[in-house]
file entry.cif (mmCIF, C-alpha atoms)
data_structure
loop_
_atom_site.label_atom_id
_atom_site.label_comp_id
_atom_site.auth_asym_id
_atom_site.auth_seq_id
_atom_site.Cartn_x
_atom_site.Cartn_y
_atom_site.Cartn_z
CA MET T 1 28.22 9.98 -30.61
CA ASN T 2 31.87 9.11 -30.86
CA PHE T 3 32.96 6.18 -33.04
CA ALA T 4 36.31 4.39 -33.09
CA VAL T 5 37.41 2.98 -36.44
CA LEU T 6 40.24 0.53 -35.82
CA GLN T 7 43.24 0.45 -38.12
CA PHE T 8 45.46 -2.60 -38.52
CA PRO T 9 48.34 -2.94 -40.96
CA ALA T 10 46.51 -3.56 -44.28
CA SER T 11 43.07 -2.42 -43.18
CA ASN T 12 41.66 -0.92 -46.38
CA CYS T 13 38.04 0.00 -45.67
CA ASP T 14 38.96 2.22 -42.73
CA GLN T 15 38.66 5.47 -44.75
CA ASP T 16 35.23 4.47 -46.07
CA ALA T 17 33.94 3.60 -42.60
CA LEU T 18 35.21 6.87 -41.14
CA HIS T 19 33.71 8.81 -44.05
CA VAL T 20 30.27 7.29 -43.51
CA VAL T 21 30.27 7.93 -39.77
CA LYS T 22 31.55 11.51 -40.04
CA ASN T 23 30.17 12.82 -43.28
CA VAL T 24 27.03 10.80 -43.89
CA LEU T 25 25.93 10.05 -40.33
CA GLY T 26 27.28 13.38 -39.01
CA GLN T 27 28.94 11.90 -35.93
CA SER T 28 32.42 12.25 -34.54
CA ALA T 29 34.93 9.51 -35.27
CA ARG T 30 38.63 8.89 -35.32
CA PHE T 31 41.00 6.16 -36.37
CA VAL T 32 42.41 4.05 -33.55
CA TRP T 33 45.74 2.42 -34.42
CA HIS T 34 46.02 -1.22 -33.43
CA LYS T 35 48.94 -0.48 -31.08
CA GLU T 36 46.73 1.73 -28.93
CA ASN T 37 45.29 0.10 -25.85
CA SER T 38 42.32 2.20 -24.79
CA LEU T 39 38.86 2.88 -26.14
CA ALA T 40 37.98 5.35 -23.40
CA GLY T 41 35.53 7.99 -24.59
CA PHE T 42 34.12 5.97 -27.48
CA ASP T 43 30.48 4.96 -27.81
CA ALA T 44 30.93 2.41 -30.58
CA VAL T 45 33.71 0.52 -32.31
CA ILE T 46 33.94 -0.38 -35.99
CA ILE T 47 36.47 -2.99 -37.13
CA PRO T 48 36.75 -2.32 -40.85
CA GLY T 49 37.53 -4.59 -43.75
CA GLY T 50 40.88 -5.24 -45.32
CA PHE T 51 43.59 -7.85 -45.20
CA SER T 52 45.08 -7.28 -41.76
CA TYR T 53 48.60 -8.73 -41.54
CA GLY T 54 48.29 -9.91 -45.12
CA ASP T 55 45.80 -12.59 -44.02
CA TYR T 56 48.88 -14.57 -42.92
CA LEU T 57 48.22 -17.85 -41.11
CA ARG T 58 44.42 -17.33 -41.21
CA THR T 59 42.29 -14.25 -41.86
CA GLY T 60 42.16 -12.19 -38.67
CA ALA T 61 44.38 -14.62 -36.74
CA ILE T 62 47.21 -12.19 -36.07
CA ALA T 63 45.16 -9.01 -35.72
CA ARG T 64 43.26 -10.49 -32.79
CA PHE T 65 46.46 -10.34 -30.73
CA SER T 66 47.01 -6.62 -31.38
CA PRO T 67 46.97 -4.52 -28.19
CA ILE T 68 43.74 -2.75 -29.16
CA MET T 69 41.87 -6.06 -29.22
CA GLN T 70 42.19 -6.38 -25.44
CA ALA T 71 40.46 -3.03 -25.18
CA VAL T 72 37.80 -4.28 -27.61
CA GLN T 73 37.23 -7.35 -25.40
CA ALA T 74 36.74 -5.09 -22.37
CA PHE T 75 34.56 -2.64 -24.32
CA ALA T 76 32.35 -5.50 -25.52
CA ALA T 77 32.17 -7.06 -22.06
CA GLN T 78 30.75 -3.76 -20.78
CA GLY T 79 28.03 -3.86 -23.41
CA GLY T 80 29.60 -1.43 -25.88
CA PRO T 81 28.55 -2.03 -29.48
CA VAL T 82 31.20 -3.45 -31.82
CA LEU T 83 30.61 -3.93 -35.55
CA GLY T 84 33.04 -6.00 -37.60
CA ILE T 85 32.82 -5.70 -41.37
CA CYS T 86 34.41 -8.33 -43.65
CA ASN T 87 37.93 -8.73 -42.23
CA GLY T 88 36.51 -7.17 -39.05
CA PHE T 89 34.04 -10.08 -38.87
CA GLN T 90 36.91 -12.53 -39.37
CA ILE T 91 38.89 -10.86 -36.57
CA LEU T 92 35.90 -11.01 -34.18
CA CYS T 93 35.50 -14.75 -34.84
CA GLU T 94 39.21 -15.38 -34.32
CA ALA T 95 39.06 -13.36 -31.11
CA GLY T 96 36.21 -15.53 -29.83
CA LEU T 97 33.89 -12.53 -29.57
CA LEU T 98 31.68 -14.22 -32.14
CA PRO T 99 31.24 -17.97 -32.64
CA GLY T 100 32.30 -19.89 -35.74
CA ALA T 101 34.85 -19.10 -38.43
CA LEU T 102 35.07 -17.69 -41.94
CA ILE T 103 36.71 -20.10 -44.36
CA ARG T 104 37.57 -20.17 -48.05
CA ASN T 105 34.63 -19.49 -50.37
CA ARG T 106 33.23 -22.77 -51.61
CA SER T 107 33.88 -21.64 -55.19
CA LEU T 108 37.53 -20.92 -54.29
CA GLN T 109 37.00 -17.61 -56.09
CA PHE T 110 37.39 -14.14 -54.66
CA ARG T 111 33.86 -12.79 -55.03
CA CYS T 112 33.41 -9.08 -55.74
CA GLU T 113 29.80 -8.22 -56.55
CA HIS T 114 26.53 -6.93 -55.14
CA ILE T 115 24.42 -9.39 -53.17
CA PHE T 116 21.04 -9.27 -51.44
CA LEU T 117 20.43 -9.68 -47.73
CA LYS T 118 17.42 -10.44 -45.61
CA THR T 119 17.50 -9.12 -42.06
CA ALA T 120 16.54 -12.02 -39.83
CA ALA T 121 16.34 -10.21 -36.48
CA HIS T 122 15.30 -6.62 -35.97
CA ASP T 123 16.31 -6.02 -32.38
CA GLY T 124 19.64 -4.97 -30.89
CA PRO T 125 21.99 -2.22 -31.98
CA PHE T 126 22.49 -3.05 -35.65
CA THR T 127 19.13 -3.72 -37.30
CA GLY T 128 16.50 -1.61 -35.50
CA LYS T 129 16.03 0.86 -38.37
CA ILE T 130 15.86 -1.75 -41.13
CA PRO T 131 12.23 -2.13 -42.27
CA ASP T 132 10.92 -5.70 -41.81
CA SER T 133 10.48 -6.57 -45.46
CA LYS T 134 13.45 -4.58 -46.79
CA VAL T 135 15.94 -6.55 -48.91
CA LEU T 136 19.34 -4.91 -48.58
CA ARG T 137 21.56 -4.66 -51.65
CA LEU T 138 25.21 -4.50 -50.56
CA PRO T 139 28.60 -5.23 -52.11
CA ILE T 140 30.85 -8.08 -51.04
CA ALA T 141 34.57 -8.46 -51.75
CA HIS T 142 36.15 -11.48 -50.11
CA GLY T 143 37.87 -14.80 -50.65
CA GLU T 144 37.21 -16.20 -47.16
CA GLY T 145 33.59 -15.45 -46.38
CA CYS T 146 32.07 -18.88 -46.04
CA TYR T 147 30.60 -18.95 -42.55
CA PHE T 148 31.27 -22.24 -40.78
CA ALA T 149 30.29 -23.54 -37.35
CA ASP T 150 29.25 -26.98 -36.12
CA ASP T 151 25.57 -27.91 -36.17
CA ALA T 152 25.07 -27.33 -32.44
CA THR T 153 26.45 -23.79 -32.77
CA LEU T 154 24.33 -23.08 -35.85
CA ASP T 155 21.20 -24.34 -34.09
CA LYS T 156 21.99 -22.19 -31.08
CA LEU T 157 22.57 -19.12 -33.25
CA GLN T 158 19.25 -19.58 -34.99
CA ALA T 159 17.31 -20.41 -31.82
CA GLY T 160 18.76 -17.32 -30.13
CA ARG T 161 18.00 -15.15 -33.19
CA GLN T 162 21.68 -14.33 -33.42
CA VAL T 163 21.68 -14.67 -37.19
CA LEU T 164 21.16 -11.04 -38.24
CA TRP T 165 21.56 -11.27 -42.01
CA GLU T 166 21.10 -14.06 -44.56
CA TYR T 167 21.95 -14.16 -48.26
CA VAL T 168 18.80 -14.15 -50.40
CA ASN T 169 17.86 -13.33 -53.99
CA ALA T 170 16.44 -9.95 -55.09
CA ALA T 171 12.97 -11.14 -54.13
CA GLY T 172 14.13 -11.85 -50.59
CA GLU T 173 14.01 -15.64 -50.91
CA ALA T 174 16.77 -18.06 -49.99
CA ALA T 175 18.02 -19.67 -53.20
CA GLY T 176 21.19 -21.62 -53.93
CA ARG T 177 22.72 -19.10 -56.31
CA SER T 178 22.09 -16.15 -54.01
CA ASN T 179 24.64 -17.47 -51.51
CA PRO T 180 27.94 -16.14 -52.90
CA ASN T 181 30.39 -18.08 -50.75
CA GLY T 182 28.77 -21.28 -49.54
CA SER T 183 28.09 -20.00 -46.00
CA LEU T 184 26.21 -22.58 -43.95
CA ARG T 185 22.51 -21.76 -43.63
CA ASN T 186 23.11 -18.72 -45.89
CA ILE T 187 24.57 -16.80 -42.95
CA ALA T 188 25.99 -13.40 -43.89
CA GLY T 189 26.15 -11.84 -40.44
CA ILE T 190 25.61 -12.75 -36.80
CA CYS T 191 25.73 -11.23 -33.34
CA ASN T 192 26.80 -12.53 -29.93
CA GLU T 193 24.36 -13.65 -27.26
CA ALA T 194 24.36 -10.23 -25.63
CA ARG T 195 23.61 -8.77 -29.11
CA ASN T 196 26.19 -5.94 -28.78
CA VAL T 197 28.87 -7.51 -30.99
CA ALA T 198 28.04 -8.17 -34.63
CA GLY T 199 29.91 -9.10 -37.77
CA LEU T 200 28.98 -9.37 -41.42
CA MET T 201 30.87 -10.10 -44.63
CA PRO T 202 29.07 -7.55 -46.89
CA HIS T 203 30.20 -3.92 -46.85
CA PRO T 204 27.53 -1.47 -45.62
CA GLU T 205 30.12 1.35 -45.63
CA ARG T 206 30.51 0.97 -49.40
CA ALA T 207 26.78 1.38 -49.93
CA SER T 208 25.71 4.25 -47.73
CA GLU T 209 25.14 6.96 -50.36
CA PRO T 210 22.91 6.87 -53.49
CA LEU T 211 25.92 7.95 -55.58
CA LEU T 212 27.49 4.55 -54.86
CA GLY T 213 24.57 2.63 -56.35
CA SER T 214 22.94 1.72 -53.05
CA ALA T 215 22.40 3.48 -49.76
CA ASP T 216 21.03 0.39 -48.04
CA GLY T 217 24.12 0.04 -45.87
CA LEU T 218 23.33 3.32 -44.16
CA LEU T 219 20.37 1.61 -42.47
CA ILE T 220 22.84 -0.43 -40.41
CA PHE T 221 24.78 2.66 -39.31
CA GLU T 222 21.53 4.53 -38.61
CA SER T 223 20.32 1.59 -36.54
CA LEU T 224 23.49 1.77 -34.46
CA LEU T 225 23.21 5.54 -34.02
CA SER T 226 19.57 5.36 -33.02
CA TRP T 227 20.32 2.56 -30.53
CA LEU T 228 23.12 4.64 -28.98
CA GLN T 229 20.88 7.70 -28.75
CA ALA T 230 18.12 5.66 -27.11
CA LYS T 231 20.62 4.34 -24.58
CA VAL T 232 21.71 7.88 -23.68
CA ALA T 233 18.09 9.02 -23.41
CA GLN T 234 17.35 6.09 -21.11
CA ALA T 235 20.29 6.91 -18.87
CA ALA T 236 19.29 10.58 -18.59
CA MET V 1 65.77 -28.93 -31.85
CA LYS V 2 63.03 -28.40 -34.33
CA ALA V 3 59.25 -28.55 -34.06
CA LYS V 4 57.18 -29.69 -37.00
CA ILE V 5 53.54 -28.70 -36.85
CA ILE V 6 50.89 -29.90 -39.24
CA VAL V 7 47.54 -28.12 -39.34
CA THR V 8 44.71 -29.74 -41.30
CA PRO V 9 41.06 -28.85 -41.82
CA LYS V 10 38.73 -30.87 -39.59
CA LYS V 11 36.99 -33.65 -41.47
CA ALA V 12 33.58 -32.05 -40.91
CA VAL V 13 34.68 -28.72 -42.39
CA LEU V 14 34.00 -27.91 -46.03
CA ASP V 15 37.32 -28.15 -47.84
CA PRO V 16 36.74 -26.87 -51.37
CA GLN V 17 40.50 -26.62 -51.91
CA GLY V 18 40.99 -30.31 -51.12
CA LYS V 19 38.06 -31.27 -53.36
CA THR V 20 39.44 -29.21 -56.25
CA VAL V 21 42.90 -30.73 -55.89
CA ALA V 22 41.34 -34.21 -55.78
CA SER V 23 39.39 -33.64 -58.97
CA ALA V 24 42.48 -32.19 -60.71
CA LEU V 25 44.46 -35.29 -59.73
CA GLU V 26 41.67 -37.48 -61.13
CA GLN V 27 41.73 -35.53 -64.38
CA MET V 28 45.50 -35.96 -64.59
CA GLY V 29 45.00 -39.68 -64.54
CA TYR V 30 45.59 -40.48 -60.89
CA LYS V 31 42.44 -42.58 -60.74
CA GLY V 32 41.09 -44.01 -57.55
CA ILE V 33 42.46 -41.51 -55.08
CA GLY V 34 40.35 -40.76 -52.02
CA ALA V 35 39.67 -37.43 -50.31
CA VAL V 36 42.40 -34.78 -50.36
CA HIS V 37 42.84 -32.32 -47.50
CA VAL V 38 45.04 -29.27 -47.91
CA GLY V 39 46.59 -27.99 -44.71
CA LYS V 40 49.61 -26.08 -43.45
CA TYR V 41 53.05 -27.15 -42.34
CA LEU V 42 55.16 -25.09 -39.94
CA GLU V 43 58.77 -25.66 -38.93
CA ILE V 44 59.91 -23.91 -35.80
CA ASP V 45 63.54 -23.84 -34.68
CA LEU V 46 63.85 -24.33 -30.94
CA PRO V 47 66.77 -23.87 -28.55
CA ALA V 48 68.17 -27.10 -27.14
CA GLY V 49 66.29 -28.00 -23.99
CA ASP V 50 63.44 -29.89 -22.46
CA LYS V 51 61.46 -31.51 -25.26
CA GLU V 52 58.36 -32.19 -23.17
CA SER V 53 58.18 -28.67 -21.87
CA TRP V 54 58.33 -27.35 -25.46
CA ARG V 55 55.68 -29.83 -26.50
CA GLY V 56 53.35 -28.42 -23.84
CA ARG V 57 54.08 -24.84 -24.81
CA LEU V 58 53.64 -25.45 -28.52
CA ASP V 59 50.45 -27.38 -27.87
CA GLU V 60 49.14 -24.27 -26.16
CA ALA V 61 50.36 -22.06 -29.04
CA CYS V 62 48.53 -24.33 -31.49
CA ARG V 63 45.29 -24.08 -29.55
CA LYS V 64 45.54 -20.33 -29.09
CA PHE V 65 47.03 -19.19 -32.35
CA LEU V 66 48.61 -21.56 -34.85
CA SER V 67 45.37 -23.43 -35.48
CA ASN V 68 41.73 -22.47 -35.12
CA PRO V 69 40.02 -25.26 -33.15
CA VAL V 70 36.69 -24.42 -34.79
CA ILE V 71 37.91 -25.55 -38.19
CA GLU V 72 41.31 -27.20 -37.81
CA ASP V 73 43.18 -30.09 -36.16
CA TYR V 74 46.92 -30.07 -35.49
CA GLN V 75 49.81 -32.36 -34.72
CA VAL V 76 53.08 -31.34 -33.04
CA GLU V 77 56.30 -33.29 -33.51
CA ILE V 78 59.58 -32.30 -31.94
CA GLU V 79 62.88 -33.73 -33.09
#
call {"tool": "encode", "arguments": {"input": "entry.cif", "output": "structure tokens"}}
result
Amino acid sequence: MNFAVLQFPASNCDQDALHVVKNVLGQSARFVWHKENSLAGFDAVIIPGGFSYGDYLRTGAIARFSPIMQAVQAFAAQGGPVLGICNGFQILCEAGLLPGALIRNRSLQFRCEHIFLKTAAHDGPFTGKIPDSKVLRLPIAHGEGCYFADDATLDKLQAGRQVLWEYVNAAGEAAGRSNPNGSLRNIAGICNEARNVAGLMPHPERASEPLLGSADGLLIFESLLSWLQAKVAQAA
Amino acid sequence: MKAKIIVTPKKAVLDPQGKTVASALEQMGYKGIGAVHVGKYLEIDLPAGDKESWRGRLDEACRKFLSNPVIEDYQVEIE
């Protein structure tokens, strides 16, 4: 499979994402500069973390107008899988590809630590290989990761099982202190209605090898790969 | 001509920054203040011309880019 890893000015998790796809997952991948305007030939798109455009105005607000984002809109509209990590999640919300917004952490602090996640929906491209009861341990590093949407949107996300990941404690239970940023309903990651566009604040690409203290993040990339392979097998 | 744009967090949105500023003001002795909301202020220089047409264009720019309607309100003034 062929993965695109987008690069904006001040993306800083692009190398990590490319490394995981190429060297851990064993797939082909290349960086796609934000001035490019085509995603032809790619099977999946990763929008990596960072501080695109210095987080000026709002996180992700300027990146969403980069030429490549038009191609991402078209790619997503055709059902292509798009995964936004951290700043990538913020960009997808600003672009309207995902509902809601990421705002300042309720603590006002930049939080850089490992957190625990429960996977709330196991279908679609991003969670299929995550065992039902598995609690994922992944790092976060963000100042604006508090997920916000109005109640109607939150209800709709939950009713449609579009909440993919929730912050929990090590035992897998929702508890006040396990939510690192004040996200409403402990939301750490969501997908769109069609389930092919997802975003999450934690960094699976920083936890995809045992050497890094956790390889739980690899389950998300393996889910995506297995979903893509199943799609090809179906088409054949 | 100059446009002055004020972007503020919607009242329903969590505003930890505003809350923190409010509690700091209280601690400094400014007792009795109400809620504080921290927003953004933009000044945009405009060429001389049709004020109403610019108002419409900047209104669009606010909806599309300068504010995020999910979390923010805005006001445009042109003078």
call {"tool": "interface_residues", "arguments": {"input": "entry.cif", "of": "chain T", "to": "chain V", "cutoff": "10 Å", "atoms": "all atoms listed in the file", "output": "number ranges by chain"}}
result
T: 57-58, 61-62, 64-65, 93-95, 99-108, 146, 148-150, 182-184
call {"tool": "axis_aligned_box", "arguments": {"input": "entry.cif", "around": "region 56-61 of chain V", "padding_each_side": "6 Å", "output": "lines of an AutoDock Vina configuration file"}}
result
center_x = 51.6
center_y = -25.2
center_z = -26.4
size_x = 16.9
size_y = 18.4
size_z = 17.2
call {"tool": "residues_around", "arguments": {"input": "entry.cif", "residues": "Gly41 (chain T)", "least_positions_apart": "3", "cutoff": "12 Å", "atoms": "all atoms listed in the file", "output": "PyMOL selection string"}}
result
chain T and resi 1-4+28-30+32+38+44-45+75+80
call {"tool": "resolve_selection", "arguments": {"input": "entry.cif", "expression": "the PyMOL selection byres ((chain V and resi 79) around 6)", "output": "PyMOL selection string"}}
result
chain V and resi 1-2+78
call {"tool": "write_last_selection", "arguments": {"input": "entry.cif", "atoms": "C-alpha atoms", "output": "PDB file, in the frame of the given file"}}
result
ATOM      1  CA  MET V   1      65.770 -28.930 -31.850  1.00  0.00           C
ATOM      2  CA  LYS V   2      63.030 -28.400 -34.330  1.00  0.00           C
ATOM      3  CA  ILE V  78      59.580 -32.300 -31.940  1.00  0.00           C
TER       4      ILE V  78
END
call {"tool": "residues_around", "arguments": {"input": "entry.cif", "residues": "Ile5 (chain V)", "least_positions_apart": "4", "cutoff": "6 Å", "atoms": "only C-alpha atoms", "output": "PyMOL selection string"}}
result
chain V and resi 41-42+75-76
call {"tool": "write_last_selection", "arguments": {"input": "entry.cif", "atoms": "C-alpha atoms", "output": "PDB file, keeping the file's coordinate frame"}}
result
ATOM      1  CA  TYR V  41      53.050 -27.150 -42.340  1.00  0.00           C
ATOM      2  CA  LEU V  42      55.160 -25.090 -39.940  1.00  0.00           C
ATOM      3  CA  GLN V  75      49.810 -32.360 -34.720  1.00  0.00           C
ATOM      4  CA  VAL V  76      53.080 -31.340 -33.040  1.00  0.00           C
TER       5      VAL V  76
END
call {"tool": "atom_distance", "arguments": {"input": "entry.cif", "atom1": "CA of Ala236 (chain T)", "atom2": "CA of Gly79 (chain T)"}}
result
17.6 Å
call {"tool": "resolve_selection", "arguments": {"input": "entry.cif", "expression": "the PyMOL selection byres ((chain T and resi 198) around 10)", "output": "tab-separated table (two decimals) with C-alpha atoms, in the frame of the given file"}}
result
chain	number	residue	atom	x	y	z
T	46	ILE	CA	33.94	-0.38	-35.99
T	81	PRO	CA	28.55	-2.03	-29.48
T	82	VAL	CA	31.20	-3.45	-31.82
T	83	LEU	CA	30.61	-3.93	-35.55
T	84	GLY	CA	33.04	-6.00	-37.60
T	85	ILE	CA	32.82	-5.70	-41.37
T	88	GLY	CA	36.51	-7.17	-39.05
T	89	PHE	CA	34.04	-10.08	-38.87
T	92	LEU	CA	35.90	-11.01	-34.18
T	93	CYS	CA	35.50	-14.75	-34.84
T	97	LEU	CA	33.89	-12.53	-29.57
T	98	LEU	CA	31.68	-14.22	-32.14
T	124	GLY	CA	19.64	-4.97	-30.89
T	125	PRO	CA	21.99	-2.22	-31.98
T	126	PHE	CA	22.49	-3.05	-35.65
T	162	GLN	CA	21.68	-14.33	-33.42
T	163	VAL	CA	21.68	-14.67	-37.19
T	164	LEU	CA	21.16	-11.04	-38.24
T	189	GLY	CA	26.15	-11.84	-40.44
T	190	ILE	CA	25.61	-12.75	-36.80
T	191	CYS	CA	25.73	-11.23	-33.34
T	192	ASN	CA	26.80	-12.53	-29.93
T	193	GLU	CA	24.36	-13.65	-27.26
T	194	ALA	CA	24.36	-10.23	-25.63
T	195	ARG	CA	23.61	-8.77	-29.11
T	196	ASN	CA	26.19	-5.94	-28.78
T	197	VAL	CA	28.87	-7.51	-30.99
T	199	GLY	CA	29.91	-9.10	-37.77
T	200	LEU	CA	28.98	-9.37	-41.42
call {"tool": "residues_around", "arguments": {"input": "entry.cif", "residues": "Ser178 (chain T)", "least_positions_apart": "6", "cutoff": "10 Å", "atoms": "all atoms listed in the file", "output": "PDB file with C-alpha atoms, in the coordinates of the input"}}
result
ATOM      1  CA  ILE T 115      24.420  -9.390 -53.170  1.00  0.00           C
ATOM      2  CA  PHE T 116      21.040  -9.270 -51.440  1.00  0.00           C
ATOM      3  CA  LEU T 117      20.430  -9.680 -47.730  1.00  0.00           C
ATOM      4  CA  GLU T 166      21.100 -14.060 -44.560  1.00  0.00           C
ATOM      5  CA  TYR T 167      21.950 -14.160 -48.260  1.00  0.00           C
ATOM      6  CA  VAL T 168      18.800 -14.150 -50.400  1.00  0.00           C
ATOM      7  CA  ASN T 169      17.860 -13.330 -53.990  1.00  0.00           C
ATOM      8  CA  ALA T 170      16.440  -9.950 -55.090  1.00  0.00           C
ATOM      9  CA  GLY T 172      14.130 -11.850 -50.590  1.00  0.00           C
ATOM     10  CA  ASN T 186      23.110 -18.720 -45.890  1.00  0.00           C
TER      11      ASN T 186
END
call {"tool": "atom_distance", "arguments": {"input": "entry.cif", "atom1": "CA of Ile91 (chain T)", "atom2": "CA of Ser226 (chain T)"}}
result
25.5 Å
call {"tool": "atom_distance", "arguments": {"input": "entry.cif", "atom1": "CA of Gln27 (chain T)", "atom2": "CA of Leu218 (chain T)"}}
result
13.1 Å
call {"tool": "residues_near_point", "arguments": {"input": "entry.cif", "point": "(37.0, -8.2, -44.8)", "cutoff": "9 Å", "atoms": "only C-alpha atoms", "output": "list in words"}}
result
Ser11, Asn12, Cys13, Pro48, Gly49, Gly50, Phe51, Ser52, Thr59, Gly60, Gly84, Ile85, Cys86, Asn87, Gly88, Phe89, Gln90, Ile91, Ile140, Ala141, His142, Gly143, Glu144, Gly145, Leu200, Met201, Pro202 and His203 of chain T
call {"tool": "write_last_selection", "arguments": {"input": "entry.cif", "atoms": "C-alpha atoms", "output": "PDB file, in the coordinates of the input"}}
result
ATOM      1  CA  SER T  11      43.070  -2.420 -43.180  1.00  0.00           C
ATOM      2  CA  ASN T  12      41.660  -0.920 -46.380  1.00  0.00           C
ATOM      3  CA  CYS T  13      38.040   0.000 -45.670  1.00  0.00           C
ATOM      4  CA  PRO T  48      36.750  -2.320 -40.850  1.00  0.00           C
ATOM      5  CA  GLY T  49      37.530  -4.590 -43.750  1.00  0.00           C
ATOM      6  CA  GLY T  50      40.880  -5.240 -45.320  1.00  0.00           C
ATOM      7  CA  PHE T  51      43.590  -7.850 -45.200  1.00  0.00           C
ATOM      8  CA  SER T  52      45.080  -7.280 -41.760  1.00  0.00           C
ATOM      9  CA  THR T  59      42.290 -14.250 -41.860  1.00  0.00           C
ATOM     10  CA  GLY T  60      42.160 -12.190 -38.670  1.00  0.00           C
ATOM     11  CA  GLY T  84      33.040  -6.000 -37.600  1.00  0.00           C
ATOM     12  CA  ILE T  85      32.820  -5.700 -41.370  1.00  0.00           C
ATOM     13  CA  CYS T  86      34.410  -8.330 -43.650  1.00  0.00           C
ATOM     14  CA  ASN T  87      37.930  -8.730 -42.230  1.00  0.00           C
ATOM     15  CA  GLY T  88      36.510  -7.170 -39.050  1.00  0.00           C
ATOM     16  CA  PHE T  89      34.040 -10.080 -38.870  1.00  0.00           C
ATOM     17  CA  GLN T  90      36.910 -12.530 -39.370  1.00  0.00           C
ATOM     18  CA  ILE T  91      38.890 -10.860 -36.570  1.00  0.00           C
ATOM     19  CA  ILE T 140      30.850  -8.080 -51.040  1.00  0.00           C
ATOM     20  CA  ALA T 141      34.570  -8.460 -51.750  1.00  0.00           C
ATOM     21  CA  HIS T 142      36.150 -11.480 -50.110  1.00  0.00           C
ATOM     22  CA  GLY T 143      37.870 -14.800 -50.650  1.00  0.00           C
ATOM     23  CA  GLU T 144      37.210 -16.200 -47.160  1.00  0.00           C
ATOM     24  CA  GLY T 145      33.590 -15.450 -46.380  1.00  0.00           C
ATOM     25  CA  LEU T 200      28.980  -9.370 -41.420  1.00  0.00           C
ATOM     26  CA  MET T 201      30.870 -10.100 -44.630  1.00  0.00           C
ATOM     27  CA  PRO T 202      29.070  -7.550 -46.890  1.00  0.00           C
ATOM     28  CA  HIS T 203      30.200  -3.920 -46.850  1.00  0.00           C
TER      29      HIS T 203
END
call {"tool": "resolve_selection", "arguments": {"input": "entry.cif", "expression": "the PyMOL selection byres ((chain V and resi 55) around 12)", "output": "list of chain:residue names"}}
result
V:Met1, V:Lys2, V:Ala3, V:Lys4, V:Ile5, V:Ile44, V:Leu46, V:Gly49, V:Asp50, V:Lys51, V:Glu52, V:Ser53, V:Trp54, V:Gly56, V:Arg57, V:Leu58, V:Asp59, V:Glu60, V:Ala61, V:Cys62, V:Gln75, V:Val76, V:Glu77, V:Ile78, V:Glu79
call {"tool": "write_last_selection", "arguments": {"input": "entry.cif", "atoms": "C-alpha atoms", "output": "PDB file, in the frame of the given file"}}
result
ATOM      1  CA  MET V   1      65.770 -28.930 -31.850  1.00  0.00           C
ATOM      2  CA  LYS V   2      63.030 -28.400 -34.330  1.00  0.00           C
ATOM      3  CA  ALA V   3      59.250 -28.550 -34.060  1.00  0.00           C
ATOM      4  CA  LYS V   4      57.180 -29.690 -37.000  1.00  0.00           C
ATOM      5  CA  ILE V   5      53.540 -28.700 -36.850  1.00  0.00           C
ATOM      6  CA  ILE V  44      59.910 -23.910 -35.800  1.00  0.00           C
ATOM      7  CA  LEU V  46      63.850 -24.330 -30.940  1.00  0.00           C
ATOM      8  CA  GLY V  49      66.290 -28.000 -23.990  1.00  0.00           C
ATOM      9  CA  ASP V  50      63.440 -29.890 -22.460  1.00  0.00           C
ATOM     10  CA  LYS V  51      61.460 -31.510 -25.260  1.00  0.00           C
ATOM     11  CA  GLU V  52      58.360 -32.190 -23.170  1.00  0.00           C
ATOM     12  CA  SER V  53      58.180 -28.670 -21.870  1.00  0.00           C
ATOM     13  CA  TRP V  54      58.330 -27.350 -25.460  1.00  0.00           C
ATOM     14  CA  GLY V  56      53.350 -28.420 -23.840  1.00  0.00           C
ATOM     15  CA  ARG V  57      54.080 -24.840 -24.810  1.00  0.00           C
ATOM     16  CA  LEU V  58      53.640 -25.450 -28.520  1.00  0.00           C
ATOM     17  CA  ASP V  59      50.450 -27.380 -27.870  1.00  0.00           C
ATOM     18  CA  GLU V  60      49.140 -24.270 -26.160  1.00  0.00           C
ATOM     19  CA  ALA V  61      50.360 -22.060 -29.040  1.00  0.00           C
ATOM     20  CA  CYS V  62      48.530 -24.330 -31.490  1.00  0.00           C
ATOM     21  CA  GLN V  75      49.810 -32.360 -34.720  1.00  0.00           C
ATOM     22  CA  VAL V  76      53.080 -31.340 -33.040  1.00  0.00           C
ATOM     23  CA  GLU V  77      56.300 -33.290 -33.510  1.00  0.00           C
ATOM     24  CA  ILE V  78      59.580 -32.300 -31.940  1.00  0.00           C
ATOM     25  CA  GLU V  79      62.880 -33.730 -33.090  1.00  0.00           C
TER      26      GLU V  79
END
call {"tool": "residues_around", "arguments": {"input": "entry.cif", "residues": "Asp73 (chain V)", "least_positions_apart": "2", "cutoff": "7 Å", "atoms": "all atoms listed in the file", "output": "list in words"}}
result
Val7, Thr8, Pro9, Lys10 and Pro69 of chain V
call {"tool": "decode", "arguments": {"input": "entry.cif", "residues": "region 205-209 of chain T", "atoms": "N, CA and C atoms", "output": "compact mmCIF listing (two decimals), in the first residue's frame"}}
result
# COMPACT_ATOMS: atom_id res chain seq x y z
N GLU T 205 2.04 7.21 16.29
CA GLU T 205 3.32 7.04 15.59
C GLU T 205 4.51 7.14 16.54
N ARG T 206 4.28 7.67 17.74
CA ARG T 206 5.37 7.74 18.72
C ARG T 206 5.35 6.53 19.65
N ALA T 207 4.46 5.61 19.39
CA ALA T 207 4.35 4.43 20.26
C ALA T 207 4.04 3.22 19.41
N SER T 208 4.90 2.98 18.42
CA SER T 208 4.64 1.86 17.52
C SER T 208 5.77 0.83 17.54
N GLU T 209 6.70 0.98 18.49
CA GLU T 209 7.79 0.01 18.65
C GLU T 209 8.05 -0.16 20.14
